[in-house]
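Data from run_32.pdb: PDB, C-alpha atoms
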ATOM      1  CA  MET G  61     -32.630 -17.430  -8.143
ATOM      2  CA  ARG G  62     -32.967 -16.749 -11.846
ATOM      3  CA  LEU G  63     -29.869 -16.832 -14.026
ATOM      4  CA  LYS G  64     -30.277 -14.807 -17.204
ATOM      5  CA  ILE G  65     -28.466 -16.682 -19.981
ATOM      6  CA  GLY G  66     -29.582 -15.606 -23.477
ATOM      7  CA  LYS G  67     -27.440 -18.229 -25.167
ATOM      8  CA  ASP G  68     -27.991 -18.805 -28.880
ATOM      9  CA  LEU G  69     -28.082 -22.588 -29.336
ATOM     10  CA  GLN G  70     -27.266 -22.156 -33.018
ATOM     11  CA  ALA G  71     -24.189 -19.990 -32.441
ATOM     12  CA  ALA G  72     -21.679 -22.731 -33.284
ATOM     13  CA  VAL G  73     -23.274 -23.673 -36.605
ATOM     14  CA  LYS G  74     -23.780 -20.017 -37.566
ATOM     15  CA  GLU G  75     -20.071 -19.496 -37.026
ATOM     16  CA  ILE G  76     -19.185 -22.455 -39.265
ATOM     17  CA  ALA G  77     -21.428 -21.130 -42.049
ATOM     18  CA  ALA G  78     -19.969 -17.621 -41.766
ATOM     19  CA  GLU G  79     -16.422 -19.013 -41.980
ATOM     20  CA  ILE G  80     -17.261 -21.052 -45.085
ATOM     21  CA  ARG G  81     -18.883 -18.043 -46.776
ATOM     22  CA  ALA G  82     -15.942 -15.777 -45.951
ATOM     23  CA  GLU G  83     -13.454 -18.277 -47.362
ATOM     24  CA  LEU G  84     -15.438 -18.841 -50.573
ATOM     25  CA  THR G  85     -15.958 -15.113 -51.065
ATOM     26  CA  ALA G  86     -12.257 -14.378 -50.579
ATOM     27  CA  GLU G  87     -11.474 -16.909 -53.323
ATOM     28  CA  ARG G  88     -14.226 -15.479 -55.567
ATOM     29  CA  VAL G  89     -16.154 -18.749 -55.511
ATOM     30  CA  LEU G  90     -19.932 -18.464 -55.715
ATOM     31  CA  ALA G  91     -21.897 -21.181 -53.899
ATOM     32  CA  ILE G  92     -25.521 -21.954 -54.708
ATOM     33  CA  ASN G  93     -27.599 -24.361 -52.614
ATOM     34  CA  ILE G  94     -30.446 -26.076 -54.476
ATOM     35  CA  ILE G  95     -33.326 -27.340 -52.367
ATOM     36  CA  GLY G  96     -36.337 -29.282 -53.628
ATOM     37  CA  SER G  97     -38.388 -32.455 -53.151
ATOM     38  CA  PRO G  98     -37.179 -35.910 -54.157
ATOM     39  CA  GLY G  99     -37.995 -36.221 -57.837
ATOM     40  CA  CYS G 100     -38.499 -32.523 -58.609
ATOM     41  CA  GLY G 101     -35.602 -32.725 -61.055
ATOM     42  CA  LYS G 102     -32.649 -31.170 -59.233
ATOM     43  CA  THR G 103     -30.202 -33.539 -60.898
ATOM     44  CA  SER G 104     -31.931 -33.300 -64.297
ATOM     45  CA  VAL G 105     -31.762 -29.497 -64.269
ATOM     46  CA  LEU G 106     -28.075 -29.702 -63.358
ATOM     47  CA  GLU G 107     -27.397 -32.280 -66.097
ATOM     48  CA  ALA G 108     -29.013 -29.914 -68.593
ATOM     49  CA  THR G 109     -27.397 -26.684 -67.407
ATOM     50  CA  VAL G 110     -24.069 -27.330 -65.685
ATOM     51  CA  PRO G 111     -22.213 -28.164 -68.924
ATOM     52  CA  ARG G 112     -23.371 -24.770 -70.235
ATOM     53  CA  LEU G 113     -22.388 -23.001 -67.026
ATOM     54  CA  ALA G 114     -18.989 -24.671 -67.446
ATOM     55  CA  GLU G 115     -18.461 -22.470 -70.534
ATOM     56  CA  THR G 116     -18.277 -19.469 -68.183
ATOM     57  CA  PHE G 117     -17.260 -20.975 -64.868
ATOM     58  CA  ASN G 118     -14.869 -23.525 -63.472
ATOM     59  CA  VAL G 119     -17.700 -25.363 -61.748
ATOM     60  CA  THR G 120     -18.039 -28.279 -59.385
ATOM     61  CA  VAL G 121     -21.126 -29.897 -57.911
ATOM     62  CA  ILE G 122     -21.589 -31.163 -54.372
ATOM     63  CA  VAL G 123     -24.396 -33.691 -54.050
ATOM     64  CA  GLY G 124     -25.974 -34.614 -50.742
ATOM     65  CA  ASP G 125     -27.856 -37.876 -50.612
ATOM     66  CA  ILE G 126     -28.954 -40.224 -47.869
ATOM     67  CA  ALA G 127     -27.654 -43.204 -49.811
ATOM     68  CA  THR G 128     -26.234 -44.252 -53.202
ATOM     69  CA  ALA G 129     -24.031 -42.427 -55.709
ATOM     70  CA  ARG G 130     -26.769 -42.339 -58.347
ATOM     71  CA  ASP G 131     -27.023 -38.552 -58.610
ATOM     72  CA  SER G 132     -23.291 -37.907 -58.540
ATOM     73  CA  GLU G 133     -22.749 -40.506 -61.277
ATOM     74  CA  ARG G 134     -25.263 -38.679 -63.464
ATOM     75  CA  ILE G 135     -23.475 -35.353 -62.921
ATOM     76  CA  GLU G 136     -20.074 -36.869 -63.677
ATOM     77  CA  ALA G 137     -21.500 -38.441 -66.833
ATOM     78  CA  VAL G 138     -22.045 -34.953 -68.295
ATOM     79  CA  GLY G 139     -18.366 -34.145 -67.713
ATOM     80  CA  VAL G 140     -18.488 -32.128 -64.505
ATOM     81  CA  THR G 141     -16.651 -33.010 -61.296
ATOM     82  CA  CYS G 142     -18.914 -33.985 -58.457
ATOM     83  CA  HIS G 143     -18.373 -34.560 -54.755
ATOM     84  CA  LEU G 144     -20.813 -36.880 -53.086
ATOM     85  CA  ILE G 145     -21.775 -36.540 -49.445
ATOM     86  CA  ASN G 146     -23.731 -39.531 -48.191
ATOM     87  CA  THR G 147     -25.457 -38.223 -45.096
ATOM     88  CA  GLY G 148     -26.037 -41.733 -43.758
ATOM     89  CA  GLY G 149     -29.708 -41.091 -43.134
ATOM     90  CA  ALA G 150     -29.762 -37.392 -42.314
ATOM     91  CA  CYS G 151     -32.471 -35.455 -44.153
ATOM     92  CA  HIS G 152     -30.292 -32.442 -44.974
ATOM     93  CA  LEU G 153     -26.682 -31.367 -45.324
ATOM     94  CA  PRO G 154     -25.587 -29.801 -42.024
ATOM     95  CA  PRO G 155     -22.959 -27.020 -41.905
ATOM     96  CA  ALA G 156     -20.463 -29.223 -40.023
ATOM     97  CA  LEU G 157     -20.519 -31.832 -42.785
ATOM     98  CA  MET G 158     -20.060 -29.094 -45.385
ATOM     99  CA  ALA G 159     -17.030 -27.771 -43.496
ATOM    100  CA  GLN G 160     -15.506 -31.276 -43.603
ATOM    101  CA  THR G 161     -16.198 -31.507 -47.329
ATOM    102  CA  TYR G 162     -14.525 -28.157 -47.988
ATOM    103  CA  GLU G 163     -11.460 -29.304 -46.038
ATOM    104  CA  GLY G 164     -10.957 -32.064 -48.590
ATOM    105  CA  LEU G 165     -11.748 -29.827 -51.555
ATOM    106  CA  ASP G 166      -9.233 -27.489 -53.176
ATOM    107  CA  ILE G 167     -11.256 -24.413 -54.119
ATOM    108  CA  THR G 168      -8.328 -22.593 -55.724
ATOM    109  CA  GLY G 169      -9.264 -21.750 -59.291
ATOM    110  CA  LEU G 170     -12.920 -22.690 -58.812
ATOM    111  CA  ASP G 171     -15.605 -20.120 -59.686
ATOM    112  CA  LEU G 172     -18.849 -21.857 -58.923
ATOM    113  CA  ILE G 173     -20.029 -24.532 -56.504
ATOM    114  CA  ILE G 174     -23.527 -25.890 -56.932
ATOM    115  CA  ILE G 175     -24.831 -27.824 -53.951
ATOM    116  CA  GLU G 176     -27.633 -30.266 -54.637
ATOM    117  CA  ASN G 177     -29.132 -30.762 -51.205
ATOM    118  CA  VAL G 178     -30.930 -33.878 -49.967
ATOM    119  CA  GLY G 179     -34.457 -34.024 -51.437
ATOM    120  CA  ASN G 180     -36.590 -32.335 -48.791
ATOM    121  CA  LEU G 181     -38.524 -29.053 -48.573
ATOM    122  CA  VAL G 182     -38.316 -28.702 -44.798
ATOM    123  CA  CYS G 183     -34.998 -29.281 -43.041
ATOM    124  CA  PRO G 184     -32.516 -27.964 -45.639
ATOM    125  CA  SER G 185     -34.326 -24.616 -45.620
ATOM    126  CA  THR G 186     -33.194 -23.942 -42.049
ATOM    127  CA  GLN G 187     -29.523 -24.806 -42.649
ATOM    128  CA  ASP G 188     -27.053 -22.126 -43.666
ATOM    129  CA  LEU G 189     -24.267 -23.951 -45.517
ATOM    130  CA  GLY G 190     -22.262 -20.800 -46.132
ATOM    131  CA  GLU G 191     -23.779 -20.485 -49.591
ATOM    132  CA  HIS G 192     -24.389 -17.156 -51.325
ATOM    133  CA  ALA G 193     -27.902 -18.095 -52.401
ATOM    134  CA  LYS G 194     -30.517 -20.765 -51.891
ATOM    135  CA  VAL G 195     -32.593 -21.863 -54.851
ATOM    136  CA  ALA G 196     -36.007 -23.418 -54.232
ATOM    137  CA  MET G 197     -36.979 -25.971 -56.869
ATOM    138  CA  LEU G 198     -40.559 -27.071 -57.459
ATOM    139  CA  SER G 199     -42.007 -29.233 -60.201
ATOM    140  CA  THR G 200     -45.493 -29.371 -61.647
ATOM    141  CA  PRO G 201     -46.316 -32.989 -60.566
ATOM    142  CA  GLU G 202     -45.912 -31.932 -56.919
ATOM    143  CA  GLY G 203     -49.009 -29.769 -57.250
ATOM    144  CA  ASP G 204     -49.538 -26.020 -57.297
ATOM    145  CA  ASP G 205     -50.266 -25.736 -53.559
ATOM    146  CA  LYS G 206     -46.775 -26.253 -52.120
ATOM    147  CA  VAL G 207     -45.554 -22.693 -51.632
ATOM    148  CA  LEU G 208     -47.650 -21.798 -48.602
ATOM    149  CA  LYS G 209     -47.119 -25.254 -47.112
ATOM    150  CA  TYR G 210     -43.350 -24.736 -46.927
ATOM    151  CA  PRO G 211     -43.015 -20.986 -46.318
ATOM    152  CA  ARG G 212     -39.548 -21.039 -44.772
ATOM    153  CA  LEU G 213     -37.937 -22.405 -47.924
ATOM    154  CA  PHE G 214     -39.440 -19.700 -50.136
ATOM    155  CA  ARG G 215     -38.510 -16.989 -47.609
ATOM    156  CA  GLU G 216     -34.908 -18.173 -47.687
ATOM    157  CA  ALA G 217     -34.733 -18.633 -51.448
ATOM    158  CA  SER G 218     -33.155 -16.088 -53.791
ATOM    159  CA  CYS G 219     -35.025 -17.543 -56.738
ATOM    160  CA  VAL G 220     -37.485 -20.308 -57.592
ATOM    161  CA  VAL G 221     -37.087 -22.864 -60.359
ATOM    162  CA  LEU G 222     -40.356 -24.417 -61.493
ATOM    163  CA  ASN G 223     -39.438 -27.547 -63.425
ATOM    164  CA  LYS G 224     -41.431 -29.882 -65.693
ATOM    165  CA  THR G 225     -43.504 -27.141 -67.307
ATOM    166  CA  ASP G 226     -44.017 -29.548 -70.228
ATOM    167  CA  LEU G 227     -46.397 -31.524 -67.968
ATOM    168  CA  ALA G 228     -48.337 -28.532 -66.631
ATOM    169  CA  GLU G 229     -51.281 -28.813 -68.973
ATOM    170  CA  VAL G 230     -51.954 -32.524 -68.563
ATOM    171  CA  LEU G 231     -51.679 -32.140 -64.770
ATOM    172  CA  GLY G 232     -53.995 -29.134 -64.621
ATOM    173  CA  PHE G 233     -51.227 -27.231 -62.869
ATOM    174  CA  GLN G 234     -52.269 -23.639 -62.078
ATOM    175  CA  ARG G 235     -49.104 -21.583 -62.322
ATOM    176  CA  GLY G 236     -51.005 -18.489 -61.186
ATOM    177  CA  ARG G 237     -51.588 -20.117 -57.824
ATOM    178  CA  VAL G 238     -47.856 -20.599 -57.293
ATOM    179  CA  LEU G 239     -47.098 -17.021 -58.332
ATOM    180  CA  ASP G 240     -49.852 -15.617 -56.062
ATOM    181  CA  ASP G 241     -48.606 -17.623 -53.092
ATOM    182  CA  LEU G 242     -44.988 -16.598 -53.719
ATOM    183  CA  ALA G 243     -46.089 -12.961 -53.722
ATOM    184  CA  ARG G 244     -47.459 -13.480 -50.192
ATOM    185  CA  ILE G 245     -44.118 -14.855 -49.011
ATOM    186  CA  LYS G 246     -41.474 -12.777 -50.767
ATOM    187  CA  HIS G 247     -41.884  -9.788 -53.058
ATOM    188  CA  GLY G 248     -39.893  -9.765 -56.274
ATOM    189  CA  LEU G 249     -38.639 -13.351 -56.064
ATOM    190  CA  PRO G 250     -37.523 -14.389 -59.581
ATOM    191  CA  VAL G 251     -39.304 -17.497 -60.882
ATOM    192  CA  PHE G 252     -37.825 -19.576 -63.706
ATOM    193  CA  GLU G 253     -40.381 -21.785 -65.385
ATOM    194  CA  LEU G 254     -38.498 -24.413 -67.314
ATOM    195  CA  SER G 255     -38.312 -28.004 -68.417
ATOM    196  CA  ALA G 256     -35.080 -29.937 -68.091
ATOM    197  CA  TRP G 257     -36.681 -32.509 -70.399
ATOM    198  CA  THR G 258     -37.466 -30.231 -73.373
ATOM    199  CA  GLY G 259     -34.851 -27.578 -72.615
ATOM    200  CA  GLU G 260     -37.471 -24.828 -72.588
ATOM    201  CA  GLY G 261     -36.678 -21.884 -70.300
ATOM    202  CA  LEU G 262     -33.167 -23.003 -69.307
ATOM    203  CA  ASP G 263     -31.461 -19.853 -70.654
ATOM    204  CA  ALA G 264     -33.062 -17.524 -68.111
ATOM    205  CA  TRP G 265     -31.903 -19.685 -65.197
ATOM    206  CA  ILE G 266     -28.354 -19.857 -66.571
ATOM    207  CA  ASP G 267     -28.374 -16.064 -66.977
ATOM    208  CA  TRP G 268     -29.526 -15.663 -63.383
ATOM    209  CA  VAL G 269     -26.508 -17.633 -62.145
ATOM    210  CA  ARG G 270     -24.187 -15.507 -64.301
ATOM    211  CA  ASP G 271     -25.830 -12.296 -63.076
ATOM    212  CA  LEU G 272     -25.548 -13.418 -59.464
ATOM    213  CA  TYR G 273     -21.824 -14.042 -59.947
ATOM    214  CA  GLU G 274     -21.340 -10.587 -61.480
ATOM    215  CA  GLU G 275     -23.421  -8.965 -58.758
ATOM    216  CA  THR G 276     -21.381 -10.713 -56.053
ATOM    217  CA  PHE G 277     -17.891 -10.295 -57.488
ATOM    218  CA  GLY G 278     -18.199  -7.325 -59.858
ATOM    219  CA  ARG G 279     -17.435  -9.228 -63.066
ATOM    220  CA  LEU G 280     -17.437 -12.702 -64.560
ATOM    221  CA  PRO G 281     -14.302 -14.822 -64.077
ATOM    222  CA  ASP G 282     -11.432 -14.421 -66.541
ATOM    223  CA  ARG G 283     -11.017 -17.625 -68.430
TER     224      ARG G 283
ATOM    225  CA  MET A  18     -37.930 -31.320 -36.767
ATOM    226  CA  HIS A  19     -34.621 -32.055 -35.030
ATOM    227  CA  GLU A  20     -35.745 -31.690 -31.442
ATOM    228  CA  LEU A  21     -33.486 -34.455 -30.122
ATOM    229  CA  SER A  22     -30.265 -32.778 -31.211
ATOM    230  CA  ILE A  23     -31.531 -29.396 -30.062
ATOM    231  CA  ALA A  24     -32.475 -30.886 -26.677
ATOM    232  CA  GLN A  25     -28.930 -32.266 -26.442
ATOM    233  CA  SER A  26     -27.402 -28.831 -27.018
ATOM    234  CA  LEU A  27     -29.839 -27.366 -24.537
ATOM    235  CA  VAL A  28     -29.005 -29.890 -21.808
ATOM    236  CA  GLU A  29     -25.268 -29.399 -22.360
ATOM    237  CA  ALA A  30     -25.688 -25.630 -22.121
ATOM    238  CA  VAL A  31     -27.775 -25.882 -18.946
ATOM    239  CA  LEU A  32     -25.208 -28.165 -17.298
ATOM    240  CA  ARG A  33     -22.380 -25.798 -18.235
ATOM    241  CA  GLU A  34     -24.193 -22.700 -17.003
ATOM    242  CA  THR A  35     -25.222 -24.254 -13.692
ATOM    243  CA  GLU A  36     -22.011 -26.050 -12.779
ATOM    244  CA  GLY A  37     -21.353 -25.600  -9.058
ATOM    245  CA  ARG A  38     -24.795 -24.090  -8.516
ATOM    246  CA  GLY A  39     -27.817 -25.456  -6.677
ATOM    247  CA  ARG A  40     -30.671 -27.585  -7.994
ATOM    248  CA  VAL A  41     -32.117 -26.518 -11.335
ATOM    249  CA  VAL A  42     -35.867 -25.921 -11.071
ATOM    250  CA  THR A  43     -36.900 -24.367 -14.361
ATOM    251  CA  VAL A  44     -35.263 -23.869 -17.743
ATOM    252  CA  ARG A  45     -36.763 -21.344 -20.151
ATOM    253  CA  ALA A  46     -36.159 -21.578 -23.884
ATOM    254  CA  LEU A  47     -37.326 -19.414 -26.743
ATOM    255  CA  VAL A  48     -38.137 -20.921 -30.120
ATOM    256  CA  GLY A  49     -38.782 -18.819 -33.220
ATOM    257  CA  GLY A  50     -41.854 -19.416 -35.354
ATOM    258  CA  LEU A  51     -39.873 -20.328 -38.472
ATOM    259  CA  THR A  52     -37.493 -22.829 -36.877
ATOM    260  CA  HIS A  53     -39.596 -25.958 -37.499
ATOM    261  CA  VAL A  54     -39.076 -26.848 -33.833
ATOM    262  CA  GLU A  55     -42.109 -28.249 -32.049
ATOM    263  CA  PRO A  56     -42.175 -27.224 -28.353
ATOM    264  CA  GLU A  57     -43.900 -30.367 -27.003
ATOM    265  CA  ASN A  58     -41.442 -32.623 -28.794
ATOM    266  CA  LEU A  59     -38.536 -30.546 -27.485
ATOM    267  CA  LYS A  60     -39.883 -30.950 -23.929
ATOM    268  CA  PHE A  61     -40.271 -34.684 -24.445
ATOM    269  CA  TRP A  62     -36.630 -35.104 -25.442
ATOM    270  CA  TYR A  63     -35.463 -32.809 -22.650
ATOM    271  CA  GLN A  64     -37.222 -35.061 -20.137
ATOM    272  CA  GLU A  65     -35.822 -38.188 -21.745
ATOM    273  CA  LEU A  66     -32.253 -36.862 -21.750
ATOM    274  CA  THR A  67     -32.365 -35.596 -18.174
ATOM    275  CA  LYS A  68     -33.838 -38.772 -16.635
ATOM    276  CA  ASP A  69     -31.616 -40.087 -13.841
ATOM    277  CA  THR A  70     -29.418 -36.984 -14.012
ATOM    278  CA  ALA A  71     -29.070 -33.949 -11.769
ATOM    279  CA  LEU A  72     -31.612 -32.210 -14.041
ATOM    280  CA  ALA A  73     -34.244 -34.941 -13.645
ATOM    281  CA  GLU A  74     -36.540 -32.785 -11.520
ATOM    282  CA  SER A  75     -36.172 -29.685 -13.663
ATOM    283  CA  GLN A  76     -38.901 -28.434 -15.943
ATOM    284  CA  LEU A  77     -38.403 -27.033 -19.420
ATOM    285  CA  LEU A  78     -40.701 -24.185 -20.457
ATOM    286  CA  VAL A  79     -40.720 -23.342 -24.145
ATOM    287  CA  GLU A  80     -42.040 -20.105 -25.568
ATOM    288  CA  LYS A  81     -42.741 -20.220 -29.290
ATOM    289  CA  ARG A  82     -42.496 -16.695 -30.617
ATOM    290  CA  PRO A  83     -44.227 -15.963 -33.931
ATOM    291  CA  ALA A  84     -42.008 -14.702 -36.709
ATOM    292  CA  ALA A  85     -41.940 -10.921 -36.990
ATOM    293  CA  VAL A  86     -40.919  -8.812 -39.946
ATOM    294  CA  ALA A  87     -40.429  -5.164 -40.882
ATOM    295  CA  CYS A  88     -41.677  -3.744 -44.168
ATOM    296  CA  ARG A  89     -38.890  -2.357 -46.363
ATOM    297  CA  GLN A  90     -41.316   0.089 -47.985
ATOM    298  CA  CYS A  91     -43.008   1.723 -44.996
ATOM    299  CA  GLY A  92     -41.081   0.393 -41.996
ATOM    300  CA  ARG A  93     -44.122  -1.132 -40.319
ATOM    301  CA  GLU A  94     -43.346  -4.080 -38.039
ATOM    302  CA  PHE A  95     -45.835  -6.917 -37.836
ATOM    303  CA  ALA A  96     -46.171 -10.558 -36.811
ATOM    304  CA  VAL A  97     -46.464 -13.202 -39.513
ATOM    305  CA  VAL A  98     -49.943 -14.741 -39.362
ATOM    306  CA  ALA A  99     -51.004 -17.730 -41.463
ATOM    307  CA  ASN A 100     -47.687 -17.598 -43.346
ATOM    308  CA  SER A 101     -48.512 -14.306 -44.983
ATOM    309  CA  PHE A 102     -45.674 -11.796 -45.119
ATOM    310  CA  LEU A 103     -47.856  -9.136 -46.777
ATOM    311  CA  CYS A 104     -47.574  -5.722 -45.152
ATOM    312  CA  PRO A 105     -50.988  -4.566 -43.897
ATOM    313  CA  ASN A 106     -50.125  -1.053 -45.135
ATOM    314  CA  CYS A 107     -48.494  -1.696 -48.491
ATOM    315  CA  GLY A 108     -50.048  -5.029 -49.456
ATOM    316  CA  ILE A 109     -46.749  -6.485 -50.656
ATOM    317  CA  ALA A 110     -44.306  -8.886 -49.010
ATOM    318  CA  ASP A 111     -41.159  -6.776 -49.227
ATOM    319  CA  VAL A 112     -39.959  -7.428 -45.702
ATOM    320  CA  ARG A 113     -36.903  -8.283 -43.674
ATOM    321  CA  MET A 114     -37.098 -10.773 -40.830
ATOM    322  CA  THR A 115     -36.748  -9.278 -37.373
ATOM    323  CA  SER A 116     -37.371 -12.521 -35.498
ATOM    324  CA  GLY A 117     -38.413 -16.085 -36.154
ATOM    325  CA  ASP A 118     -35.169 -18.041 -36.374
ATOM    326  CA  GLU A 119     -34.254 -18.041 -32.679
ATOM    327  CA  LEU A 120     -33.304 -21.064 -30.595
ATOM    328  CA  ILE A 121     -32.300 -19.493 -27.316
ATOM    329  CA  LEU A 122     -31.644 -20.679 -23.794
ATOM    330  CA  GLU A 123     -33.160 -17.668 -22.063
ATOM    331  CA  SER A 124     -32.862 -18.268 -18.346
ATOM    332  CA  ILE A 125     -32.482 -20.903 -15.638
ATOM    333  CA  GLU A 126     -34.122 -20.891 -12.222
ATOM    334  CA  VAL A 127     -31.920 -22.504  -9.553
ATOM    335  CA  GLU A 128     -32.430 -23.188  -5.854
ATOM    336  CA  GLU A 129     -29.262 -22.115  -4.068
TER     337      GLU A 129
END
Could you show the structure in this file as structure tokens?
Amino acid sequence: MRLKIGKDLQAAVKEIAAEIRAELTAERVLAINIIGSPGCGKTSVLEATVPRLAETFNVTVIVGDIATARDSERIEAVGVTCHLINTGGACHLPPALMAQTYEGLDITGLDLIIIENVGNLVCPSTQDLGEHAKVAMLSTPEGDDKVLKYPRLFREASCVVLNKTDLAEVLGFQRGRVLDDLARIKHGLPVFELSAWTGEGLDAWIDWVRDLYEETFGRLPDR
Amino acid sequence: MHELSIAQSLVEAVLRETEGRGRVVTVRALVGGLTHVEPENLKFWYQELTKDTALAESQLLVEKRPAAVACRQCGREFAVVANSFLCPNCGIADVRMTSGDELILESIEVEE
């Protein structure tokens, strides 16, 4: 006898993510989840841009790392509060762990939460953390062939940050290849080519975050 | 990717659904093409977890369904092949996902 079941094995985690998103949205808090390889410069881009975002937003950063507080110490050193989640070996932040983090975090008065996920192009792309947008971060030393190798991430992403443009020439990095491959995955995906090291191109990325806030909540926060 | 934890949820769901029923013969699961779940690895962990349990003799069948999308420009639905989301009509990847992210316990065959 065949029992028809049709049970979604991800139902519980989808529910957690939806609850988180609803709560953040009700409090007018925008959450952005940054996903990229180890060493692509997630922390460096945040060090360079979060103090500027703090001019517009009451912002906090949540950092996921397998071990150490190295990234969160760097964020705190630029004067921004940071909550560290050591995943104890897990390769991504799961929704359940995010829910726990939010329980211990007073979001009243916050405008912006930036999540720096564990360095990994695969697993974090499948996890909905209740964020409003995922950002895929690439860097030129990783090579110009990564987009089609990790399609899920670029499908899920609302924009792409391409970091370390200052090294592109010496590495022979073909930016056209990245743009062509992105066009095969997702039409109209904004790409921000920048260098956290030189500061080139950071303005456009900061503007994108501001625009996303306005688009989501109608206007920028009153400060 | 995380087949062990998915196999655990699957086994728990099968046990819940078949409580008080006869012997479980076959379990059918559906896995979407964008889930990063590898069917053979999922079957391996299912077998490992069900060893020496009431499900030990049961077999897990996994269907991996390719991701499918619908073009926002012309409405055409198509399967994603070789990671290209380009619409065969329009030539651009302006699509919404219609399937590809599923992890579903579809059905269970039991001997009453």
For Ile125 of chain A, list every protein, DNA or RNA residue within 8 Å, evaluated using only C-alpha atoms, and leave out those in the same chain fewer than 5 positions away; present the list as JSON, numbers by chain.
{"G": [62, 63, 64, 65], "A": [31, 41, 42, 43, 44, 45]}
Contact set, chain A to chain G: 9 Å, only C-alpha atoms, as a PyMOL selection string:
chain A and resi 18-19+23+26-27+30+34-35+43+46+51-53+99-103+108-112+118-129
Can you spell out as a count of residues only the set of residues that the PyMOL selection byres ((chain G and resi 113) around 12) selects in the structure I just provided?
34
Can you spell out as a PyMOL selection string the set of residues that the PyMOL selection byres ((chain G and resi 157-163) around 10) selects in the structure I just provided?
chain G and resi 76-77+79-80+83-84+122+124+143-147+153-156+164-167+175+189-190
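Here atom CA of Gly203 of chain G stands at a distance of 12.0 Å from atom CA of Val230 of chain G.
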Using only C-alpha atoms, can you list as a PyMOL selection string the residues within 6 Å of (-45.2, -25.3, -54.6)?
chain G and resi 198+204-207
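Against this structure, the PyMOL selection byres ((chain A and resi 93) around 10) ends up with Val86, Ala87, Cys88, Arg89, Gln90, Cys91, Gly92, Glu94, Phe95, Cys104, Pro105, Asn106, Cys107 and Val112 of chain A.
As for atom CA of Leu239 of chain G and atom CA of Ala217 of chain G, they are spaced 14.2 Å apart.
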One number please: atom CA of Val221 of chain G to atom CA of Glu176 of chain G, in Å, one decimal.
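Separation of atom CA of Val221 of chain G and atom CA of Glu176 of chain G: 13.3 Å.
The protein and nucleic acid residues lying at most 8 Å from Tyr63 of chain A are A:Leu21, A:Ala24, A:Gln25, A:Val28, A:Leu77, with only C-alpha atoms considered and sequence neighbours fewer than 5 positions away removed.
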With distances taken over all atoms listed in the file, which residue among A:Glu29, A:Glu36, A:Glu20, A:Glu74 lies nearest Lys60 of chain A?
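Counting all atoms listed in the file, the residue closest to Lys60 of chain A is A:Glu20.
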Quick one: of A:Arg38, A:Val48, A:Glu65, A:Thr115, who's nearest to Leu78 of chain A, counting all atoms listed in the file?
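Closest to Leu78 of chain A of all the choices is A:Val48.
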Nearest residue to Thr85 of chain G from the set G:Asp125, G:Glu202, G:Asp131, G:Glu191 (distances using only C-alpha atoms):
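Nearest candidate to Thr85 of chain G out of G:Asp125, G:Glu202, G:Asp131, G:Glu191: G:Glu191.
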Shell of 6 Å around Ala196 of chain G, only C-alpha atoms, local chain residues under 3 positions omitted, as an mmCIF file with C-alpha atoms, keeping the file's coordinate frame:
data_model
loop_
_atom_site.group_PDB
_atom_site.id
_atom_site.type_symbol
_atom_site.label_atom_id
_atom_site.label_comp_id
_atom_site.auth_asym_id
_atom_site.auth_seq_id
_atom_site.Cartn_x
_atom_site.Cartn_y
_atom_site.Cartn_z
ATOM 1 C CA ILE G 95 -33.326 -27.340 -52.367
ATOM 2 C CA GLY G 96 -36.337 -29.282 -53.628
ATOM 3 C CA ALA G 217 -34.733 -18.633 -51.448
ATOM 4 C CA VAL G 220 -37.485 -20.308 -57.592
#
Nearest to Arg130 of chain G: which of G:Thr103, G:Cys219, G:Pro201, G:Ile94 is it, counting all atoms listed in the file?
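Closest to Arg130 of chain G, using all atoms listed in the file: G:Thr103.
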